[in-house]
$ cat start-v6.pdb   # PDB, C-alpha atoms, pLDDT in the B column
ATOM      1  CA  MET A  11      22.760  67.393 -65.837  1.00 91.00           C
ATOM      2  CA  ALA A  12      21.027  66.429 -62.613  1.00 97.00           C
ATOM      3  CA  HIS A  13      17.405  67.087 -61.700  1.00 98.00           C
ATOM      4  CA  TRP A  14      16.008  68.263 -58.384  1.00 98.00           C
ATOM      5  CA  LEU A  15      12.820  69.274 -56.619  1.00 98.00           C
ATOM      6  CA  ILE A  16      12.533  72.209 -54.231  1.00 98.00           C
ATOM      7  CA  LYS A  17       9.541  72.991 -52.061  1.00 97.00           C
ATOM      8  CA  SER A  18       8.000  76.213 -50.885  1.00 97.00           C
ATOM      9  CA  GLU A  19       4.658  77.058 -49.396  1.00 96.00           C
ATOM     10  CA  PRO A  20       2.960  79.331 -51.953  1.00 96.00           C
ATOM     11  CA  ASP A  21       2.002  81.894 -49.301  1.00 95.00           C
ATOM     12  CA  VAL A  22       5.683  82.107 -48.244  1.00 95.00           C
ATOM     13  CA  TYR A  23       7.348  82.104 -51.695  1.00 97.00           C
ATOM     14  CA  SER A  24       5.395  81.100 -54.781  1.00 97.00           C
ATOM     15  CA  TRP A  25       6.187  80.214 -58.374  1.00 98.00           C
ATOM     16  CA  ASP A  26       4.569  83.502 -59.411  1.00 97.00           C
ATOM     17  CA  GLN A  27       6.920  85.387 -57.064  1.00 98.00           C
ATOM     18  CA  LEU A  28       9.955  83.610 -58.523  1.00 98.00           C
ATOM     19  CA  ASN A  29       8.826  84.707 -61.985  1.00 98.00           C
ATOM     20  CA  LYS A  30       8.494  88.311 -60.811  1.00 98.00           C
ATOM     21  CA  ASP A  31      11.889  88.218 -59.097  1.00 98.00           C
ATOM     22  CA  LYS A  32      13.611  86.496 -62.087  1.00 98.00           C
ATOM     23  CA  ILE A  33      16.136  84.929 -59.679  1.00 98.00           C
ATOM     24  CA  THR A  34      16.156  84.145 -55.972  1.00 98.00           C
ATOM     25  CA  ARG A  35      18.428  82.808 -53.286  1.00 98.00           C
ATOM     26  CA  TRP A  36      17.230  79.420 -51.976  1.00 98.00           C
ATOM     27  CA  ASP A  37      18.255  79.691 -48.350  1.00 97.00           C
ATOM     28  CA  GLY A  38      17.173  78.858 -44.828  1.00 96.00           C
ATOM     29  CA  ILE A  39      17.523  75.096 -45.317  1.00 96.00           C
ATOM     30  CA  ARG A  40      18.309  73.481 -41.951  1.00 97.00           C
ATOM     31  CA  ASN A  41      18.080  69.783 -42.750  1.00 96.00           C
ATOM     32  CA  TYR A  42      21.353  67.957 -43.359  1.00 96.00           C
ATOM     33  CA  ALA A  43      20.067  65.774 -46.209  1.00 97.00           C
ATOM     34  CA  ALA A  44      18.533  68.800 -47.964  1.00 97.00           C
ATOM     35  CA  ARG A  45      21.756  70.752 -47.392  1.00 97.00           C
ATOM     36  CA  ASN A  46      23.774  67.984 -49.022  1.00 98.00           C
ATOM     37  CA  HIS A  47      21.463  68.137 -52.047  1.00 98.00           C
ATOM     38  CA  LEU A  48      21.969  71.913 -52.271  1.00 98.00           C
ATOM     39  CA  LYS A  49      25.737  71.372 -52.203  1.00 98.00           C
ATOM     40  CA  ALA A  50      25.450  68.829 -55.042  1.00 98.00           C
ATOM     41  CA  MET A  51      23.520  71.165 -57.364  1.00 98.00           C
ATOM     42  CA  LYS A  52      25.394  72.449 -60.396  1.00 98.00           C
ATOM     43  CA  LYS A  53      24.733  75.541 -62.483  1.00 98.00           C
ATOM     44  CA  GLY A  54      22.224  74.647 -65.186  1.00 98.00           C
ATOM     45  CA  ASP A  55      20.661  71.720 -63.310  1.00 98.00           C
ATOM     46  CA  GLU A  56      16.882  71.713 -63.716  1.00 98.00           C
ATOM     47  CA  VAL A  57      14.614  71.923 -60.700  1.00 98.00           C
ATOM     48  CA  PHE A  58      10.923  71.198 -60.224  1.00 98.00           C
ATOM     49  CA  PHE A  59       9.254  73.936 -58.162  1.00 98.00           C
ATOM     50  CA  TYR A  60       6.762  72.346 -55.787  1.00 98.00           C
ATOM     51  CA  HIS A  61       4.082  74.186 -53.827  1.00 97.00           C
ATOM     52  CA  SER A  62       3.825  72.514 -50.433  1.00 96.00           C
ATOM     53  CA  GLY A  63       1.287  72.983 -47.670  1.00 90.00           C
ATOM     54  CA  LYS A  64      -1.518  74.568 -49.680  1.00 85.00           C
ATOM     55  CA  GLY A  65      -1.801  73.181 -53.208  1.00 87.00           C
ATOM     56  CA  THR A  66       0.761  70.349 -52.940  1.00 96.00           C
ATOM     57  CA  GLU A  67       1.679  70.278 -56.617  1.00 98.00           C
ATOM     58  CA  ILE A  68       4.623  70.660 -58.969  1.00 98.00           C
ATOM     59  CA  VAL A  69       3.944  73.900 -60.803  1.00 98.00           C
ATOM     60  CA  GLY A  70       7.093  74.882 -62.676  1.00 98.00           C
ATOM     61  CA  ILE A  71      10.647  74.269 -63.773  1.00 98.00           C
ATOM     62  CA  ALA A  72      13.546  76.390 -62.567  1.00 98.00           C
ATOM     63  CA  SER A  73      17.276  76.069 -63.023  1.00 98.00           C
ATOM     64  CA  VAL A  74      20.261  76.504 -60.763  1.00 98.00           C
ATOM     65  CA  ALA A  75      21.763  79.911 -61.535  1.00 98.00           C
ATOM     66  CA  LYS A  76      24.516  79.876 -58.891  1.00 98.00           C
ATOM     67  CA  GLU A  77      26.008  76.863 -57.143  1.00 98.00           C
ATOM     68  CA  ALA A  78      26.176  76.424 -53.362  1.00 98.00           C
ATOM     69  CA  TYR A  79      27.639  79.233 -51.275  1.00 98.00           C
ATOM     70  CA  PRO A  80      27.473  80.012 -47.537  1.00 98.00           C
ATOM     71  CA  ASP A  81      23.893  80.747 -46.471  1.00 98.00           C
ATOM     72  CA  PRO A  82      23.807  84.420 -45.442  1.00 98.00           C
ATOM     73  CA  THR A  83      20.820  83.705 -43.163  1.00 97.00           C
ATOM     74  CA  SER A  84      23.061  81.610 -40.889  1.00 97.00           C
ATOM     75  CA  THR A  85      26.219  82.306 -38.906  1.00 97.00           C
ATOM     76  CA  ASP A  86      27.042  78.584 -39.049  1.00 97.00           C
ATOM     77  CA  PRO A  87      29.284  77.808 -42.059  1.00 96.00           C
ATOM     78  CA  ALA A  88      27.698  74.343 -42.339  1.00 96.00           C
ATOM     79  CA  TRP A  89      24.645  75.749 -44.165  1.00 98.00           C
ATOM     80  CA  PHE A  90      24.427  76.658 -47.836  1.00 98.00           C
ATOM     81  CA  ALA A  91      22.213  78.435 -50.341  1.00 98.00           C
ATOM     82  CA  VAL A  92      21.896  78.318 -54.130  1.00 98.00           C
ATOM     83  CA  ASP A  93      20.349  80.759 -56.579  1.00 98.00           C
ATOM     84  CA  VAL A  94      17.526  79.581 -58.823  1.00 98.00           C
ATOM     85  CA  LYS A  95      15.764  81.195 -61.749  1.00 98.00           C
ATOM     86  CA  PRO A  96      12.466  80.274 -63.409  1.00 98.00           C
ATOM     87  CA  LEU A  97      12.441  78.501 -66.762  1.00 98.00           C
ATOM     88  CA  LYS A  98       8.822  77.642 -67.492  1.00 97.00           C
ATOM     89  CA  LYS A  99       5.516  76.852 -65.902  1.00 98.00           C
ATOM     90  CA  LEU A 100       4.116  73.347 -66.327  1.00 98.00           C
ATOM     91  CA  LYS A 101       1.177  73.341 -68.735  1.00 98.00           C
ATOM     92  CA  THR A 102      -0.693  71.276 -66.162  1.00 98.00           C
ATOM     93  CA  PRO A 103       0.377  71.257 -62.491  1.00 98.00           C
ATOM     94  CA  VAL A 104       1.131  67.751 -61.206  1.00 98.00           C
ATOM     95  CA  SER A 105      -0.448  67.124 -57.812  1.00 98.00           C
ATOM     96  CA  LEU A 106       1.038  65.051 -55.034  1.00 97.00           C
ATOM     97  CA  ASP A 107      -1.985  62.787 -55.370  1.00 97.00           C
ATOM     98  CA  GLN A 108      -1.153  62.152 -59.054  1.00 98.00           C
ATOM     99  CA  VAL A 109       2.490  61.456 -58.187  1.00 98.00           C
ATOM    100  CA  LYS A 110       1.482  58.942 -55.501  1.00 97.00           C
ATOM    101  CA  LYS A 111      -0.886  57.154 -57.908  1.00 98.00           C
ATOM    102  CA  GLU A 112       1.756  56.772 -60.657  1.00 98.00           C
ATOM    103  CA  LYS A 113       3.515  53.412 -60.182  1.00 97.00           C
ATOM    104  CA  LYS A 114       6.651  54.632 -61.973  1.00 97.00           C
ATOM    105  CA  LEU A 115       7.060  57.278 -59.233  1.00 98.00           C
ATOM    106  CA  ALA A 116       6.650  54.962 -56.220  1.00 97.00           C
ATOM    107  CA  GLY A 117      10.351  55.282 -55.360  1.00 97.00           C
ATOM    108  CA  MET A 118      10.476  59.057 -55.741  1.00 97.00           C
ATOM    109  CA  ALA A 119      11.753  61.001 -52.717  1.00 97.00           C
ATOM    110  CA  LEU A 120       8.576  63.110 -52.824  1.00 97.00           C
ATOM    111  CA  VAL A 121       6.618  59.942 -52.044  1.00 96.00           C
ATOM    112  CA  ARG A 122       9.102  58.249 -49.697  1.00 95.00           C
ATOM    113  CA  ILE A 123      10.517  61.244 -47.780  1.00 93.00           C
ATOM    114  CA  GLY A 124       7.680  63.736 -48.053  1.00 85.00           C
ATOM    115  CA  ARG A 125       9.026  66.395 -45.713  1.00 89.00           C
ATOM    116  CA  LEU A 126      12.429  66.793 -47.390  1.00 95.00           C
ATOM    117  CA  SER A 127      12.522  70.317 -48.858  1.00 96.00           C
ATOM    118  CA  VAL A 128      15.304  69.737 -51.417  1.00 98.00           C
ATOM    119  CA  GLN A 129      15.510  66.371 -53.110  1.00 98.00           C
ATOM    120  CA  PRO A 130      16.975  64.636 -56.142  1.00 98.00           C
ATOM    121  CA  VAL A 131      14.803  63.528 -59.056  1.00 98.00           C
ATOM    122  CA  THR A 132      15.946  60.709 -61.319  1.00 98.00           C
ATOM    123  CA  GLU A 133      15.913  61.072 -65.097  1.00 97.00           C
ATOM    124  CA  GLU A 134      13.013  58.596 -65.349  1.00 97.00           C
ATOM    125  CA  GLU A 135      11.017  60.447 -62.667  1.00 98.00           C
ATOM    126  CA  TRP A 136      11.723  63.736 -64.456  1.00 98.00           C
ATOM    127  CA  GLN A 137      10.437  62.390 -67.770  1.00 97.00           C
ATOM    128  CA  VAL A 138       7.286  60.903 -66.207  1.00 98.00           C
ATOM    129  CA  ILE A 139       6.433  64.174 -64.452  1.00 98.00           C
ATOM    130  CA  MET A 140       7.180  66.227 -67.569  1.00 98.00           C
ATOM    131  CA  LYS A 141       4.721  64.052 -69.487  1.00 98.00           C
ATOM    132  CA  MET A 142       2.138  64.314 -66.711  1.00 98.00           C
ATOM    133  CA  GLY A 143       2.602  68.093 -66.748  1.00 98.00           C
ATOM    134  CA  GLY A 144       1.993  68.308 -70.502  1.00 97.00           C
ATOM    135  CA  MET A 145       5.573  69.282 -71.279  1.00 96.00           C
ATOM    136  CA  ASP A 146       7.849  68.230 -74.111  1.00 75.00           C
ATOM    137  CA  SER A 147      11.098  67.101 -72.486  1.00 52.00           C
TER     138      SER A 147
END
$ encode --input "start-v6.pdb" --output "structure tokens"
Amino acid sequence: MAHWLIKSEPDVYSWDQLNKDKITRWDGIRNYAARNHLKAMKKGDEVFFYHSGKGTEIVGIASVAKEAYPDPTSTDPAWFAVDVKPLKKLKTPVSLDQVKKEKKLAGMALVRIGRLSVQPVTEEEWQVIMKMGGMDS
């Protein structure tokens, strides 16, 4: 199983909204690197849900419910969407500041390529963040 991180501004689509919706289509991605990550996602992969803009923190864990399919918000077949569903909220949100201060996360895409909206997370990074978030992995 692979791990990922997806970003959304909380006033656009929040963790709380995902919980209310129970499942959502992750669409509208128009960055080639992020698109390639969407295409690589497999059903059951776990995903950190990150509030960007306001808050800048990892707040929950979702999973991929449906693998990549053509993005219905685009007429260009080069773009894809996936469906995600919420799994659980982190006991303690993990802020971007905390991530940047943790030496074990120095190579994380969130630190190196901050604007990328869909990014891979290594197993080690996943475990460190789970611990920081007060979660049993």
$ residues_around --input "start-v6.pdb" --residues "range 131-145 of chain A" --least-positions-apart "2" --cutoff "9 Å" --atoms "only C-alpha atoms" --output "list in words"
Ala12, His13, Trp14, Leu15, Val57, Phe58, Ile68, Val69, Leu100, Lys101, Thr102, Pro103, Val104, Gln108, Val109, Glu112, Lys114, Leu115, Gly117, Met118, Ala119, Leu120, Gln129 and Ser147 of chain A
$ axis_aligned_box --input "start-v6.pdb" --around "range 93-96 of chain A" --padding-each-side "5 Å" --output "lines of an AutoDock Vina configuration file"
center_x = 16.4
center_y = 80.4
center_z = -60.0
size_x = 17.9
size_y = 11.6
size_z = 16.8
$ closest_residue --input "start-v6.pdb" --among "A:Asn41, A:Ser18, A:Ser24, A:Ser73" --to "Asp55 in chain A" --atoms "all atoms listed in the file"
A:Ser73
$ atom_distance --input "start-v6.pdb" --atom1 "CA of Gly63 in chain A" --atom2 "CA of Ile16 in chain A"
13.0 Å
$ resolve_selection --input "start-v6.pdb" --expression "the PyMOL selection byres ((chain A and resi 79) around 9)" --output "list in words"
Lys49, Lys76, Glu77, Ala78, Pro80, Asp81, Pro82, Trp89, Phe90, Ala91 and Val92 of chain A
$ atom_distance --input "start-v6.pdb" --atom1 "CA of Glu19 in chain A" --atom2 "CA of His61 in chain A"
5.3 Å
$ atom_distance --input "start-v6.pdb" --atom1 "CA of Leu97 in chain A" --atom2 "CA of Asn46 in chain A"
23.5 Å
$ closest_residue --input "start-v6.pdb" --among "A:Ala43, A:Val22, A:Leu28, A:Ile123" --to "Lys98 in chain A" --atoms "only C-alpha atoms"
A:Leu28
$ resolve_selection --input "start-v6.pdb" --expression "the PyMOL selection byres ((chain A and resi 40) around 12)" --output "PyMOL selection string"
chain A and resi 36-39+41-48+81+83-84+86-91+126-128
$ closest_residue --input "start-v6.pdb" --among "A:Leu106, A:Ala116, A:Ile33, A:Ala50" --to "Gly65 in chain A" --atoms "all atoms listed in the file"
A:Leu106
